[in-house]
Amino acid sequence: MSLASSKAEVMALVIACANQKGGVGKTTTTANLGATLAQMGKRILAIDMDAQANLTAHFGLERELESTVAGALRDREGELPVYRVEDDAGMVIDIVPASLELASVEFQLAAVIGRELRLRDRLERVRDNYDFVLIDTPPSLGLLTVNALVAADCVIIPTEARFFSLQGLYMLQETISEASALNPGIEILGVLLSKYDRRLREEKAVWQYLHERWGDRVFETEIGINSKILEAASAGVPVSAYTGGKKATTAYQLLAREVLDRVEAARL
Ligand SMILES: Nc1ncnc2c1ncn2[C@@H]1O[C@H](COP(=O)(O)OP(=O)(O)OP(=O)(O)O)[C@@H](O)[C@H]1O
Ligand SMILES: [Mg+2]
């Protein structure tokens, strides 16, 4: 891999979490990986590119927001609105929130020249301030996901270990290839089993298949099914700040370490 080698140590590495299949853990991965990297002292910006605004809610920002990513993408001179979130333990993370308004942006931009480049362009002005920018994408391969893929240096693909989930990975790979016309350096950083239940026979079989098909691009770290992850999301906090979330916290720490190692290895 030649991951953003020219940008090493200078600008943030931009990571999109993408998979057009719904409910596979994109938002949960973005939120908890972002929070974990922030706890490790990295400067993190997390961008919500989904009109469901789940990432926004993950960080307790779903209250009345003055501006969201929708305006930044829609307006010709738009700028990303950045909200800072700090927790009691001293974690600091910047969030660009979304709202339902984002649903209409896809249509509003349909005939705009350079519509796929809007997020990359807006990000260019702030990425110097960060070590990592994480982008949460919606469950579709539409313009918002394409904007994320054009802005990103690399992609993390969270997936469930289900046969129905596997079919979608080919489509996503196709879209990533198409995005490379506008973003030639884009790489797949890894495929993440983000809701793994090793007790199920189907999941074990898919685990095997994934490893055969994707080899070492599957992250060694697996995020197991864990009710604390779901409960923490509902409470609007990262799982590390949630009572009983120690096991899941450790898993995300291992994932963060693996992400840092892969980025480091790719930059050599
Ligand atoms: N490891 C896990 N264990 C238990 N629940 C999980 C886990 N990961 C995610 N979840 C839960 O599964 C649901 C779907 O996860 P999430 O919202 O992250 O998926 P998504 O891919 O972002 O969905 P969408 O496609 O709708 O944006 C959420 O309720 C989330 O809290
Ligand atoms: Mg989501």
# chains A, B, ... in the order shown; residues from 1 in each chain; ligands from 1
call {"tool": "residues_near_ligand", "arguments": {"ligand": "ligand 1", "cutoff": "6 Å", "atoms": "only C-alpha atoms and all ligand atoms", "output": "list in words"}}
result
Lys21, Gly22, Gly23, Val24, Gly25, Lys26, Thr27, Thr28, Pro138, Pro139, Ser194, Lys195, Ile223, Gly224, Ile225, Asn226, Ser227, Ile229, Leu230 and Ala233 of chain A
call {"tool": "residues_near_ligand", "arguments": {"ligand": "ligand 2", "cutoff": "12 Å", "atoms": "only C-alpha atoms and all ligand atoms", "output": "number ranges by chain"}}
result
A: 17-31, 47-58, 98, 135-140, 145, 158, 233
call {"tool": "closest_residue", "arguments": {"among": "A:Leu45, A:Met40, A:Leu117, A:Leu182", "to": "Val82 (chain A)", "atoms": "only C-alpha atoms"}}
result
A:Leu45
call {"tool": "select_by_dssp", "arguments": {"residues": "region 5-239 of chain A", "states": "alpha helix (DSSP H)", "output": "JSON, numbers by chain"}}
result
{"A": [26, 27, 28, 29, 30, 31, 32, 33, 34, 35, 36, 37, 38, 39, 54, 55, 56, 57, 58, 69, 70, 71, 72, 73, 74, 102, 103, 104, 105, 106, 107, 108, 118, 119, 120, 121, 122, 123, 124, 143, 144, 145, 146, 147, 148, 149, 150, 151, 163, 164, 165, 166, 167, 168, 169, 170, 171, 172, 173, 174, 175, 176, 177, 178, 179, 201, 202, 203, 204, 205, 206, 207, 208, 209, 210, 211, 212, 213, 214, 227, 228, 229, 230, 231, 232, 233, 234, 235]}
call {"tool": "closest_residue", "arguments": {"among": "A:Ala16, A:Ile93, A:Val259, A:Met171", "to": "Ala148 (chain A)", "atoms": "only C-alpha atoms"}}
result
A:Ala16
call {"tool": "select_by_dssp", "arguments": {"residues": "region 35-258 of chain A", "states": "strand (DSSP E)", "output": "number ranges by chain"}}
result
A: 44-48, 83-86, 92-96, 132-136, 154-159, 187-193
call {"tool": "closest_atom_pairs", "arguments": {"of": "region 93-199 of chain A", "to": "region 67-77 of chain A", "cutoff": "12 Å", "atoms": "only C-alpha atoms", "output": "Markdown table"}}
result
| residue | atom | partner | partner_atom | distance |
| --- | --- | --- | --- | --- |
| A:Ile95 | CA | A:Thr68 | CA | 9.9 |
| A:Val96 | CA | A:Val69 | CA | 6.2 |
| A:Pro97 | CA | A:Thr68 | CA | 5.2 |
| A:Ala98 | CA | A:Thr68 | CA | 5.1 |
| A:Ser99 | CA | A:Thr68 | CA | 6.6 |
| A:Leu100 | CA | A:Ala70 | CA | 8.7 |
| A:Glu101 | CA | A:Ala70 | CA | 6.2 |
| A:Leu102 | CA | A:Ala70 | CA | 4.8 |
| A:Ala103 | CA | A:Ala70 | CA | 8.4 |
| A:Ser104 | CA | A:Ala70 | CA | 8.5 |
| A:Val105 | CA | A:Arg74 | CA | 6.2 |
| A:Glu106 | CA | A:Arg74 | CA | 8.8 |
| A:Phe107 | CA | A:Arg74 | CA | 10.0 |
| A:Gln108 | CA | A:Arg74 | CA | 7.2 |
| A:Leu109 | CA | A:Arg74 | CA | 6.8 |
| A:Ala110 | CA | A:Arg74 | CA | 10.6 |
| A:Ala111 | CA | A:Arg74 | CA | 11.7 |
| A:Val112 | CA | A:Arg74 | CA | 9.6 |
| A:Ile113 | CA | A:Arg76 | CA | 11.0 |
| A:Gly114 | CA | A:Arg76 | CA | 10.8 |
| A:Arg115 | CA | A:Leu73 | CA | 8.7 |
| A:Glu116 | CA | A:Leu73 | CA | 10.0 |
| A:Leu117 | CA | A:Leu73 | CA | 9.4 |
| A:Arg118 | CA | A:Leu73 | CA | 5.8 |
| A:Leu119 | CA | A:Leu73 | CA | 6.5 |
| A:Arg120 | CA | A:Leu73 | CA | 9.9 |
| A:Asp121 | CA | A:Leu73 | CA | 9.4 |
| A:Arg122 | CA | A:Ala72 | CA | 7.4 |
| A:Leu123 | CA | A:Ala72 | CA | 10.1 |
| A:Arg125 | CA | A:Glu77 | CA | 11.8 |
| A:Ile135 | CA | A:Val69 | CA | 11.5 |
| A:Asp136 | CA | A:Val69 | CA | 11.9 |
| A:Leu143 | CA | A:Leu73 | CA | 11.1 |
| A:Leu144 | CA | A:Leu73 | CA | 9.5 |
| A:Asn147 | CA | A:Leu73 | CA | 9.6 |
| A:Ala148 | CA | A:Leu73 | CA | 11.5 |
call {"tool": "write_last_selection", "arguments": {"atoms": "N, CA and C atoms", "output": "JSON list (two decimals), in the first residue's frame"}}
result
[["chain", "number", "residue", "atom", "x", "y", "z"],
["A", 95, "ILE", "N", -16.81, 17.10, 16.28],
["A", 95, "ILE", "CA", -17.86, 16.42, 15.51],
["A", 95, "ILE", "C", -18.47, 17.41, 14.51],
["A", 96, "VAL", "N", -18.65, 16.95, 13.28],
["A", 96, "VAL", "CA", -19.49, 17.67, 12.32],
["A", 96, "VAL", "C", -20.81, 16.92, 12.27],
["A", 97, "PRO", "N", -21.87, 17.52, 12.84],
["A", 97, "PRO", "CA", -23.13, 16.78, 12.96],
["A", 97, "PRO", "C", -23.97, 16.79, 11.69],
["A", 98, "ALA", "N", -24.92, 15.87, 11.67],
["A", 98, "ALA", "CA", -25.89, 15.81, 10.57],
["A", 98, "ALA", "C", -27.29, 15.96, 11.15],
["A", 99, "SER", "N", -28.25, 16.17, 10.27],
["A", 99, "SER", "CA", -29.66, 16.14, 10.66],
["A", 99, "SER", "C", -30.44, 15.61, 9.47],
["A", 100, "LEU", "N", -31.72, 15.48, 9.64],
["A", 100, "LEU", "CA", -32.58, 14.96, 8.58],
["A", 100, "LEU", "C", -32.46, 15.79, 7.29],
["A", 101, "GLU", "N", -32.09, 17.04, 7.48],
["A", 101, "GLU", "CA", -31.93, 17.95, 6.34],
["A", 101, "GLU", "C", -30.97, 17.37, 5.28],
["A", 102, "LEU", "N", -30.06, 16.53, 5.73],
["A", 102, "LEU", "CA", -29.07, 15.97, 4.81],
["A", 102, "LEU", "C", -29.73, 15.12, 3.72],
["A", 103, "ALA", "N", -30.91, 14.60, 4.03],
["A", 103, "ALA", "CA", -31.61, 13.74, 3.06],
["A", 103, "ALA", "C", -31.90, 14.49, 1.77],
["A", 104, "SER", "N", -32.17, 15.79, 1.86],
["A", 104, "SER", "CA", -32.53, 16.55, 0.66],
["A", 104, "SER", "C", -31.30, 17.04, -0.11],
["A", 105, "VAL", "N", -30.14, 17.01, 0.53],
["A", 105, "VAL", "CA", -28.93, 17.55, -0.11],
["A", 105, "VAL", "C", -28.55, 16.73, -1.35],
["A", 106, "GLU", "N", -28.75, 15.42, -1.24],
["A", 106, "GLU", "CA", -28.43, 14.54, -2.35],
["A", 106, "GLU", "C", -29.16, 14.99, -3.62],
["A", 107, "PHE", "N", -30.42, 15.38, -3.46],
["A", 107, "PHE", "CA", -31.22, 15.83, -4.62],
["A", 107, "PHE", "C", -30.80, 17.23, -5.05],
["A", 108, "GLN", "N", -30.55, 18.08, -4.06],
["A", 108, "GLN", "CA", -30.19, 19.47, -4.38],
["A", 108, "GLN", "C", -28.87, 19.54, -5.14],
["A", 109, "LEU", "N", -28.00, 18.58, -4.88],
["A", 109, "LEU", "CA", -26.68, 18.62, -5.55],
["A", 109, "LEU", "C", -26.67, 17.86, -6.88],
["A", 110, "ALA", "N", -27.78, 17.21, -7.18],
["A", 110, "ALA", "CA", -27.79, 16.28, -8.32],
["A", 110, "ALA", "C", -27.26, 16.89, -9.60],
["A", 111, "ALA", "N", -27.58, 18.16, -9.85],
["A", 111, "ALA", "CA", -27.17, 18.77, -11.12],
["A", 111, "ALA", "C", -25.98, 19.72, -10.97],
["A", 112, "VAL", "N", -25.36, 19.69, -9.79],
["A", 112, "VAL", "CA", -24.27, 20.64, -9.53],
["A", 112, "VAL", "C", -22.94, 20.08, -10.06],
["A", 113, "ILE", "N", -22.21, 20.89, -10.76],
["A", 113, "ILE", "CA", -20.89, 20.46, -11.25],
["A", 113, "ILE", "C", -19.96, 20.29, -10.05],
["A", 114, "GLY", "N", -19.25, 19.21, -10.01],
["A", 114, "GLY", "CA", -18.32, 18.95, -8.90],
["A", 114, "GLY", "C", -19.02, 18.46, -7.65],
["A", 115, "ARG", "N", -20.22, 17.89, -7.82],
["A", 115, "ARG", "CA", -21.00, 17.48, -6.64],
["A", 115, "ARG", "C", -20.31, 16.40, -5.81],
["A", 116, "GLU", "N", -19.48, 15.60, -6.45],
["A", 116, "GLU", "CA", -18.79, 14.53, -5.70],
["A", 116, "GLU", "C", -17.63, 15.07, -4.87],
["A", 117, "LEU", "N", -17.24, 16.31, -5.13],
["A", 117, "LEU", "CA", -16.01, 16.84, -4.52],
["A", 117, "LEU", "C", -16.28, 17.76, -3.33],
["A", 118, "ARG", "N", -17.55, 17.96, -3.03],
["A", 118, "ARG", "CA", -17.90, 18.98, -2.03],
["A", 118, "ARG", "C", -17.27, 18.71, -0.66],
["A", 119, "LEU", "N", -17.38, 17.47, -0.17],
["A", 119, "LEU", "CA", -16.85, 17.18, 1.17],
["A", 119, "LEU", "C", -15.32, 17.32, 1.16],
["A", 120, "ARG", "N", -14.68, 16.78, 0.13],
["A", 120, "ARG", "CA", -13.21, 16.88, 0.07],
["A", 120, "ARG", "C", -12.77, 18.34, 0.11],
["A", 121, "ASP", "N", -13.48, 19.16, -0.65],
["A", 121, "ASP", "CA", -13.15, 20.57, -0.70],
["A", 121, "ASP", "C", -13.31, 21.24, 0.67],
["A", 122, "ARG", "N", -14.43, 20.96, 1.35],
["A", 122, "ARG", "CA", -14.68, 21.56, 2.68],
["A", 122, "ARG", "C", -13.65, 21.06, 3.70],
["A", 123, "LEU", "N", -13.29, 19.80, 3.56],
["A", 123, "LEU", "CA", -12.37, 19.17, 4.51],
["A", 123, "LEU", "C", -10.95, 19.73, 4.37],
["A", 125, "ARG", "N", -9.96, 22.55, 4.13],
["A", 125, "ARG", "CA", -9.72, 23.77, 4.92],
["A", 125, "ARG", "C", -9.51, 23.49, 6.41],
["A", 135, "ILE", "N", -15.16, 9.42, 8.85],
["A", 135, "ILE", "CA", -16.43, 9.79, 8.22],
["A", 135, "ILE", "C", -17.40, 8.62, 8.30],
["A", 136, "ASP", "N", -18.55, 8.87, 8.91],
["A", 136, "ASP", "CA", -19.61, 7.86, 8.95],
["A", 136, "ASP", "C", -20.51, 8.06, 7.73],
["A", 143, "LEU", "N", -24.77, 9.66, -3.47],
["A", 143, "LEU", "CA", -23.84, 10.78, -3.56],
["A", 143, "LEU", "C", -23.13, 11.09, -2.23],
["A", 144, "LEU", "N", -23.80, 10.87, -1.12],
["A", 144, "LEU", "CA", -23.17, 11.19, 0.17],
["A", 144, "LEU", "C", -22.02, 10.22, 0.45],
["A", 147, "ASN", "N", -19.22, 11.12, -1.88],
["A", 147, "ASN", "CA", -18.47, 12.26, -1.36],
["A", 147, "ASN", "C", -17.46, 11.83, -0.30],
["A", 148, "ALA", "N", -17.88, 10.91, 0.57],
["A", 148, "ALA", "CA", -16.98, 10.41, 1.61],
["A", 148, "ALA", "C", -15.81, 9.64, 0.99]]
call {"tool": "closest_residue", "arguments": {"among": "A:Asp94, A:Glu222, A:Asp88, A:Asp153", "to": "Arg267 (chain A)", "atoms": "only C-alpha atoms"}}
result
A:Asp153
call {"tool": "closest_residue", "arguments": {"among": "A:Val126, A:Leu80, A:Thr221, A:Lys228", "to": "Gln253 (chain A)", "atoms": "only C-alpha atoms"}}
result
A:Thr221
call {"tool": "atom_distance", "arguments": {"atom1": "CA of Glu220 (chain A)", "atom2": "CA of Leu255 (chain A)"}}
result
8.2 Å
call {"tool": "atom_distance", "arguments": {"atom1": "CA of Arg213 (chain A)", "atom2": "CA of Leu166 (chain A)"}}
result
10.3 Å
call {"tool": "residues_around", "arguments": {"residues": "Ser240 (chain A)", "least_positions_apart": "3", "cutoff": "12 Å", "atoms": "only C-alpha atoms", "output": "ChimeraX atom specification"}}
result
/A:31-39,87-89,91,228-229,231-233,236-237,243-253
